[in-house]
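Student: Just one file: coords05.cif, with mmCIF, C-alpha atoms.
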```cif
data_upload
#
loop_
_atom_site.label_atom_id
_atom_site.label_comp_id
_atom_site.auth_asym_id
_atom_site.auth_seq_id
_atom_site.Cartn_x
_atom_site.Cartn_y
_atom_site.Cartn_z
CA LYS J 1 17.66 0.46 -6.99
CA LEU J 2 19.89 1.98 -9.64
CA LEU J 3 16.98 3.88 -11.17
CA GLU J 4 16.17 5.31 -7.75
CA ALA J 5 19.78 6.36 -7.30
CA ALA J 6 19.71 8.03 -10.71
CA ALA J 7 16.46 9.77 -9.80
CA LEU J 8 17.98 11.07 -6.58
CA LEU J 9 20.96 12.38 -8.52
CA ALA J 10 18.67 14.04 -11.07
CA LYS J 11 16.58 15.65 -8.35
CA ASP J 12 19.31 16.82 -5.99
CA GLY J 13 22.38 17.14 -8.17
CA LEU J 14 20.92 18.29 -11.47
CA LYS J 15 17.79 20.01 -10.13
CA ALA J 16 15.73 18.16 -12.76
CA ALA J 17 12.62 17.25 -10.80
CA ALA J 18 10.58 16.11 -13.80
CA ASN J 19 13.33 13.76 -14.96
CA ALA J 20 13.70 12.43 -11.44
CA ALA J 21 9.98 11.73 -11.26
CA ASP J 22 10.14 9.86 -14.57
CA LEU J 23 12.95 7.68 -13.24
CA TYR J 24 11.07 7.01 -10.00
CA GLU J 25 8.01 6.03 -12.06
CA ARG J 26 10.09 3.58 -14.12
CA SER J 27 11.52 2.19 -10.91
CA SER J 28 8.00 1.80 -9.54
CA SER J 29 6.81 -0.11 -12.58
CA LEU J 30 9.74 -2.52 -12.24
CA TYR J 31 9.03 -3.05 -8.54
CA ALA J 32 5.34 -3.65 -9.32
CA ALA J 33 6.23 -6.17 -12.04
CA ASP J 34 8.42 -7.93 -9.48
CA GLY J 35 5.51 -8.05 -7.01
CA THR J 36 7.02 -5.72 -4.42
CA LEU J 37 4.12 -3.28 -4.20
CA ASP J 38 5.42 -1.57 -1.07
CA LEU J 39 8.62 -0.55 -2.88
CA ALA J 40 6.62 0.41 -5.99
CA ALA J 41 4.41 2.68 -3.86
CA SER J 42 7.45 4.15 -2.13
CA ALA J 43 9.02 5.00 -5.48
CA LEU J 44 5.81 6.72 -6.64
CA CYS J 45 5.73 8.72 -3.41
CA LYS J 46 9.30 9.81 -4.04
CA ALA J 47 8.28 10.82 -7.57
CA GLY J 48 5.42 12.86 -6.14
CA ARG J 49 7.66 14.60 -3.66
CA ALA J 50 10.19 15.34 -6.40
CA VAL J 51 7.68 17.33 -8.47
CA GLU J 52 5.52 18.69 -5.63
CA ALA J 53 6.83 22.25 -5.98
CA SER J 54 7.01 22.40 -9.78
CA ASP J 55 3.97 20.32 -10.78
CA PRO J 56 1.49 19.82 -7.91
CA ARG J 57 -1.14 18.24 -10.16
CA ARG J 58 1.27 15.50 -11.25
CA ALA J 59 2.48 15.07 -7.67
CA CYS J 60 -1.08 14.47 -6.47
CA ALA J 61 -1.73 12.00 -9.29
CA LEU J 62 1.44 10.07 -8.47
CA MET J 63 0.54 9.86 -4.80
CA GLN J 64 -2.98 8.66 -5.59
CA GLN J 65 -1.51 6.10 -7.98
CA ALA J 66 0.74 4.88 -5.15
CA CYS J 67 -2.27 4.35 -2.91
CA GLY J 68 -4.10 2.58 -5.72
CA LEU J 69 -1.43 -0.12 -5.77
CA PHE J 70 -2.89 -1.47 -2.53
CA ASP J 71 -6.50 -1.67 -3.74
CA ASP J 72 -6.57 -5.42 -4.30
CA GLU J 73 -3.83 -6.37 -1.84
CA GLU J 74 -4.65 -9.05 0.72
CA ASP J 75 -1.22 -9.66 2.24
CA GLU J 76 -1.23 -8.29 5.79
CA ALA J 77 2.47 -7.39 5.82
CA ARG J 78 2.14 -5.33 2.65
CA LEU J 79 -1.03 -3.67 3.90
CA ARG J 80 0.81 -2.61 7.06
CA GLY J 81 3.33 -0.83 4.86
CA SER J 82 0.56 1.05 3.06
CA ALA J 83 -0.11 3.31 6.06
CA GLU J 84 2.86 5.57 5.30
CA THR J 85 1.87 5.79 1.63
CA PHE J 86 -1.67 6.84 2.50
CA ARG J 87 -0.43 9.35 5.08
CA ALA J 88 2.00 10.95 2.63
CA ALA J 89 -0.64 11.13 -0.10
CA ALA J 90 -3.28 12.65 2.18
CA THR J 91 -0.79 15.22 3.45
CA LEU J 92 0.21 16.23 -0.06
CA LEU J 93 -3.41 16.48 -1.20
CA VAL J 94 -4.26 18.74 1.73
CA ARG J 95 -1.20 20.93 1.06
CA ALA J 96 -2.23 21.17 -2.61
CA GLY J 97 -5.71 22.30 -1.56
CA ARG J 98 -7.42 19.20 -2.93
CA LEU J 99 -9.45 18.61 0.19
CA SER J 100 -12.19 16.53 -1.44
CA ASP J 101 -9.59 14.14 -2.84
CA ALA J 102 -7.84 13.97 0.53
CA ALA J 103 -11.09 13.13 2.33
CA ALA J 104 -11.89 10.43 -0.24
CA LEU J 105 -8.43 8.95 0.23
CA LEU J 106 -8.84 8.91 4.01
CA ARG J 107 -12.21 7.16 3.63
CA LYS J 108 -10.46 4.63 1.38
CA GLN J 109 -7.79 4.09 4.02
CA ALA J 110 -10.25 3.15 6.79
CA PRO J 111 -11.21 -0.25 5.30
CA VAL J 112 -7.52 -1.06 4.82
CA TYR J 113 -7.05 -0.58 8.56
CA ALA J 114 -10.20 -2.59 9.25
CA ARG J 115 -8.78 -5.56 7.31
CA GLN J 116 -5.71 -5.33 9.53
CA ASP J 117 -7.87 -5.30 12.69
CA ARG J 118 -6.62 -1.84 13.73
CA PRO J 119 -9.79 -0.25 15.17
CA HIS J 120 -8.12 2.89 16.49
CA ASP J 121 -6.56 3.61 13.11
CA VAL J 122 -9.95 3.04 11.44
CA THR J 123 -11.42 5.62 13.79
CA ARG J 124 -8.54 8.04 13.19
CA ALA J 125 -8.92 7.75 9.40
CA GLU J 126 -12.69 8.25 9.59
CA LEU J 127 -12.34 11.24 11.91
CA SER J 128 -9.67 12.76 9.67
CA ALA J 129 -12.00 12.32 6.68
CA VAL J 130 -14.76 14.13 8.59
CA ILE J 131 -12.46 17.02 9.48
CA VAL J 132 -11.11 17.38 5.95
CA SER J 133 -14.65 17.20 4.53
CA LEU J 134 -15.68 20.00 6.89
CA ALA J 135 -12.68 22.06 5.80
CA ALA J 136 -13.73 21.49 2.17
CA GLY J 137 -17.22 22.75 2.97
CA GLU J 138 -18.77 19.35 2.27
CA TYR J 139 -21.03 19.31 5.31
CA GLU J 140 -23.39 16.56 4.11
CA ARG J 141 -20.51 14.24 3.28
CA ALA J 142 -18.94 14.98 6.67
CA ALA J 143 -22.21 14.16 8.44
CA THR J 144 -22.57 10.93 6.47
CA SER J 145 -18.98 9.93 7.25
CA CYS J 146 -19.46 10.73 10.91
CA ALA J 147 -22.66 8.67 11.10
CA ARG J 148 -20.97 5.74 9.33
CA ALA J 149 -18.03 5.89 11.74
CA GLU J 150 -20.32 5.93 14.76
CA GLU J 151 -21.92 2.71 13.52
CA LEU J 152 -18.62 0.86 13.38
CA PRO J 153 -18.02 -1.65 16.20
CA HIS J 154 -15.15 0.52 17.39
CA GLY J 155 -16.64 3.84 16.29
CA PHE J 156 -15.97 7.13 18.01
CA ALA J 157 -18.00 6.20 21.08
CA GLY J 158 -16.51 2.68 21.15
CA ALA J 159 -13.00 4.08 21.07
CA ILE J 160 -13.72 6.22 24.13
CA SER J 161 -15.59 3.68 26.22
CA ALA J 162 -13.45 0.64 25.36
#
```
Rewrite the structure of this file - the entire thing - as structure tokens.
Tutor:
Amino acid sequence: KLLEAAALLAKDGLKAAANAADLYERSSSLYAADGTLDLAASALCKAGRAVEASDPRRACALMQQACGLFDDEEDEARLRGSAETFRAAATLLVRAGRLSDAAALLRKQAPVYARQDRPHDVTRAELSAVIVSLAAGEYERAATSCARAEELPHGFAGAISA
């Protein structure tokens, strides 16, 4: 907590975004070592937001790293908390013009929702991935994603007729 407070002071008071991001990253590593992945991911998201304007490449990497913390997670409560991390990361990637990365992240988010038995969120993530892929000009990948989503038990058609 103290590292996060110092990072906030560095970002807002001293206008030292890079230093703030470093402190948030240290905070994240301590949270991860303690087993609180949701707080570790939150700290990485804060680090990404701190350097978004000055270093978009680093901001995107930090956000993707935050999402990666949930890759092997099985705990339902922690997975529920991952939704905000994924949303923030996808939003930042789209703003940074990294549409392919954003679409890949959204496709990665869909199985997380599936493990939580959240069919409407699975559909929303898949549809968002299709839209972002279209915006990136990746028409084949968008068609493949759309076909895969339609095959899901609660695919696009299932969400409408259910």
Student: So how many Å separate CA of Leu79 in chain J and CA of Thr91 in chain J, to one decimal?
Tutor: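 Between CA of Leu79 in chain J and CA of Thr91 in chain J the gap is 18.9 Å.
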Student: Which residues match the PyMOL selection byres ((chain J and resi 48) around 10) in the file above, as a PDB file with C-alpha atoms, in the coordinates of the input?
Tutor:
```pdb
ATOM      1  CA  ALA J  17      12.620  17.250 -10.800  1.00  0.00           C
ATOM      2  CA  ALA J  18      10.580  16.110 -13.800  1.00  0.00           C
ATOM      3  CA  ALA J  20      13.700  12.430 -11.440  1.00  0.00           C
ATOM      4  CA  ALA J  21       9.980  11.730 -11.260  1.00  0.00           C
ATOM      5  CA  TYR J  24      11.070   7.010 -10.000  1.00  0.00           C
ATOM      6  CA  GLU J  25       8.010   6.030 -12.060  1.00  0.00           C
ATOM      7  CA  SER J  42       7.450   4.150  -2.130  1.00  0.00           C
ATOM      8  CA  ALA J  43       9.020   5.000  -5.480  1.00  0.00           C
ATOM      9  CA  LEU J  44       5.810   6.720  -6.640  1.00  0.00           C
ATOM     10  CA  CYS J  45       5.730   8.720  -3.410  1.00  0.00           C
ATOM     11  CA  LYS J  46       9.300   9.810  -4.040  1.00  0.00           C
ATOM     12  CA  ALA J  47       8.280  10.820  -7.570  1.00  0.00           C
ATOM     13  CA  ARG J  49       7.660  14.600  -3.660  1.00  0.00           C
ATOM     14  CA  ALA J  50      10.190  15.340  -6.400  1.00  0.00           C
ATOM     15  CA  VAL J  51       7.680  17.330  -8.470  1.00  0.00           C
ATOM     16  CA  GLU J  52       5.520  18.690  -5.630  1.00  0.00           C
ATOM     17  CA  ALA J  53       6.830  22.250  -5.980  1.00  0.00           C
ATOM     18  CA  ASP J  55       3.970  20.320 -10.780  1.00  0.00           C
ATOM     19  CA  PRO J  56       1.490  19.820  -7.910  1.00  0.00           C
ATOM     20  CA  ARG J  57      -1.140  18.240 -10.160  1.00  0.00           C
ATOM     21  CA  ARG J  58       1.270  15.500 -11.250  1.00  0.00           C
ATOM     22  CA  ALA J  59       2.480  15.070  -7.670  1.00  0.00           C
ATOM     23  CA  CYS J  60      -1.080  14.470  -6.470  1.00  0.00           C
ATOM     24  CA  ALA J  61      -1.730  12.000  -9.290  1.00  0.00           C
ATOM     25  CA  LEU J  62       1.440  10.070  -8.470  1.00  0.00           C
ATOM     26  CA  MET J  63       0.540   9.860  -4.800  1.00  0.00           C
ATOM     27  CA  GLN J  64      -2.980   8.660  -5.590  1.00  0.00           C
ATOM     28  CA  GLN J  65      -1.510   6.100  -7.980  1.00  0.00           C
ATOM     29  CA  ALA J  66       0.740   4.880  -5.150  1.00  0.00           C
ATOM     30  CA  ALA J  88       2.000  10.950   2.630  1.00  0.00           C
ATOM     31  CA  ALA J  89      -0.640  11.130  -0.100  1.00  0.00           C
ATOM     32  CA  LEU J  92       0.210  16.230  -0.060  1.00  0.00           C
TER      33      LEU J  92
END
```
Student: The PyMOL selection byres ((chain J and resi 115) around 12) on the file shown: which residues, as a PDB file with C-alpha atoms, keeping the file's coordinate frame?
Tutor:
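After the write, result_17.pdb holds the following:
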```pdb
ATOM      1  CA  ASP J  71      -6.500  -1.670  -3.740  1.00  0.00           C
ATOM      2  CA  ASP J  72      -6.570  -5.420  -4.300  1.00  0.00           C
ATOM      3  CA  GLU J  73      -3.830  -6.370  -1.840  1.00  0.00           C
ATOM      4  CA  GLU J  74      -4.650  -9.050   0.720  1.00  0.00           C
ATOM      5  CA  ASP J  75      -1.220  -9.660   2.240  1.00  0.00           C
ATOM      6  CA  GLU J  76      -1.230  -8.290   5.790  1.00  0.00           C
ATOM      7  CA  ALA J  77       2.470  -7.390   5.820  1.00  0.00           C
ATOM      8  CA  ARG J  78       2.140  -5.330   2.650  1.00  0.00           C
ATOM      9  CA  LEU J  79      -1.030  -3.670   3.900  1.00  0.00           C
ATOM     10  CA  ARG J  80       0.810  -2.610   7.060  1.00  0.00           C
ATOM     11  CA  LYS J 108     -10.460   4.630   1.380  1.00  0.00           C
ATOM     12  CA  GLN J 109      -7.790   4.090   4.020  1.00  0.00           C
ATOM     13  CA  ALA J 110     -10.250   3.150   6.790  1.00  0.00           C
ATOM     14  CA  PRO J 111     -11.210  -0.250   5.300  1.00  0.00           C
ATOM     15  CA  VAL J 112      -7.520  -1.060   4.820  1.00  0.00           C
ATOM     16  CA  TYR J 113      -7.050  -0.580   8.560  1.00  0.00           C
ATOM     17  CA  ALA J 114     -10.200  -2.590   9.250  1.00  0.00           C
ATOM     18  CA  GLN J 116      -5.710  -5.330   9.530  1.00  0.00           C
ATOM     19  CA  ASP J 117      -7.870  -5.300  12.690  1.00  0.00           C
ATOM     20  CA  ARG J 118      -6.620  -1.840  13.730  1.00  0.00           C
ATOM     21  CA  PRO J 119      -9.790  -0.250  15.170  1.00  0.00           C
ATOM     22  CA  ASP J 121      -6.560   3.610  13.110  1.00  0.00           C
ATOM     23  CA  VAL J 122      -9.950   3.040  11.440  1.00  0.00           C
TER      24      VAL J 122
END
```
Student: Just to confirm, what's the straight-line distance from CA of Gly97 in chain J to CA of Ala83 in chain J in Å (one decimal)?
Tutor: 21.2 Å
Student: Quick check, in Å to one decimal: how far apart do CA of Ser133 in chain J and CA of Gly81 in chain J lie?
Tutor: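 Rounded to one decimal, the two atoms are 25.5 Å apart.
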Student: Using the chain letters and numbers from the file, which residues does the PyMOL selection byres ((chain J and resi 140-146) around 8) grab, as a list in words?
Tutor: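 Listing what the PyMOL selection byres ((chain J and resi 140-146) around 8) selects in the shown file: Glu126, Leu127, Ala129, Val130, Ile131, Ser133, Leu134, Glu138, Tyr139, Ala147, Arg148, Ala149 and Glu150 of chain J.
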Student: Give the centre and edge lengths of an axis-aligned box, in Å to one decimal, that holds all listed atoms of range 75-90 of chain J with 8 Å on each side, as lines of an AutoDock Vina configuration file.
Tutor:
```
center_x = 0.0
center_y = 1.5
center_z = 3.5
size_x = 22.6
size_y = 38.3
size_z = 23.2
```
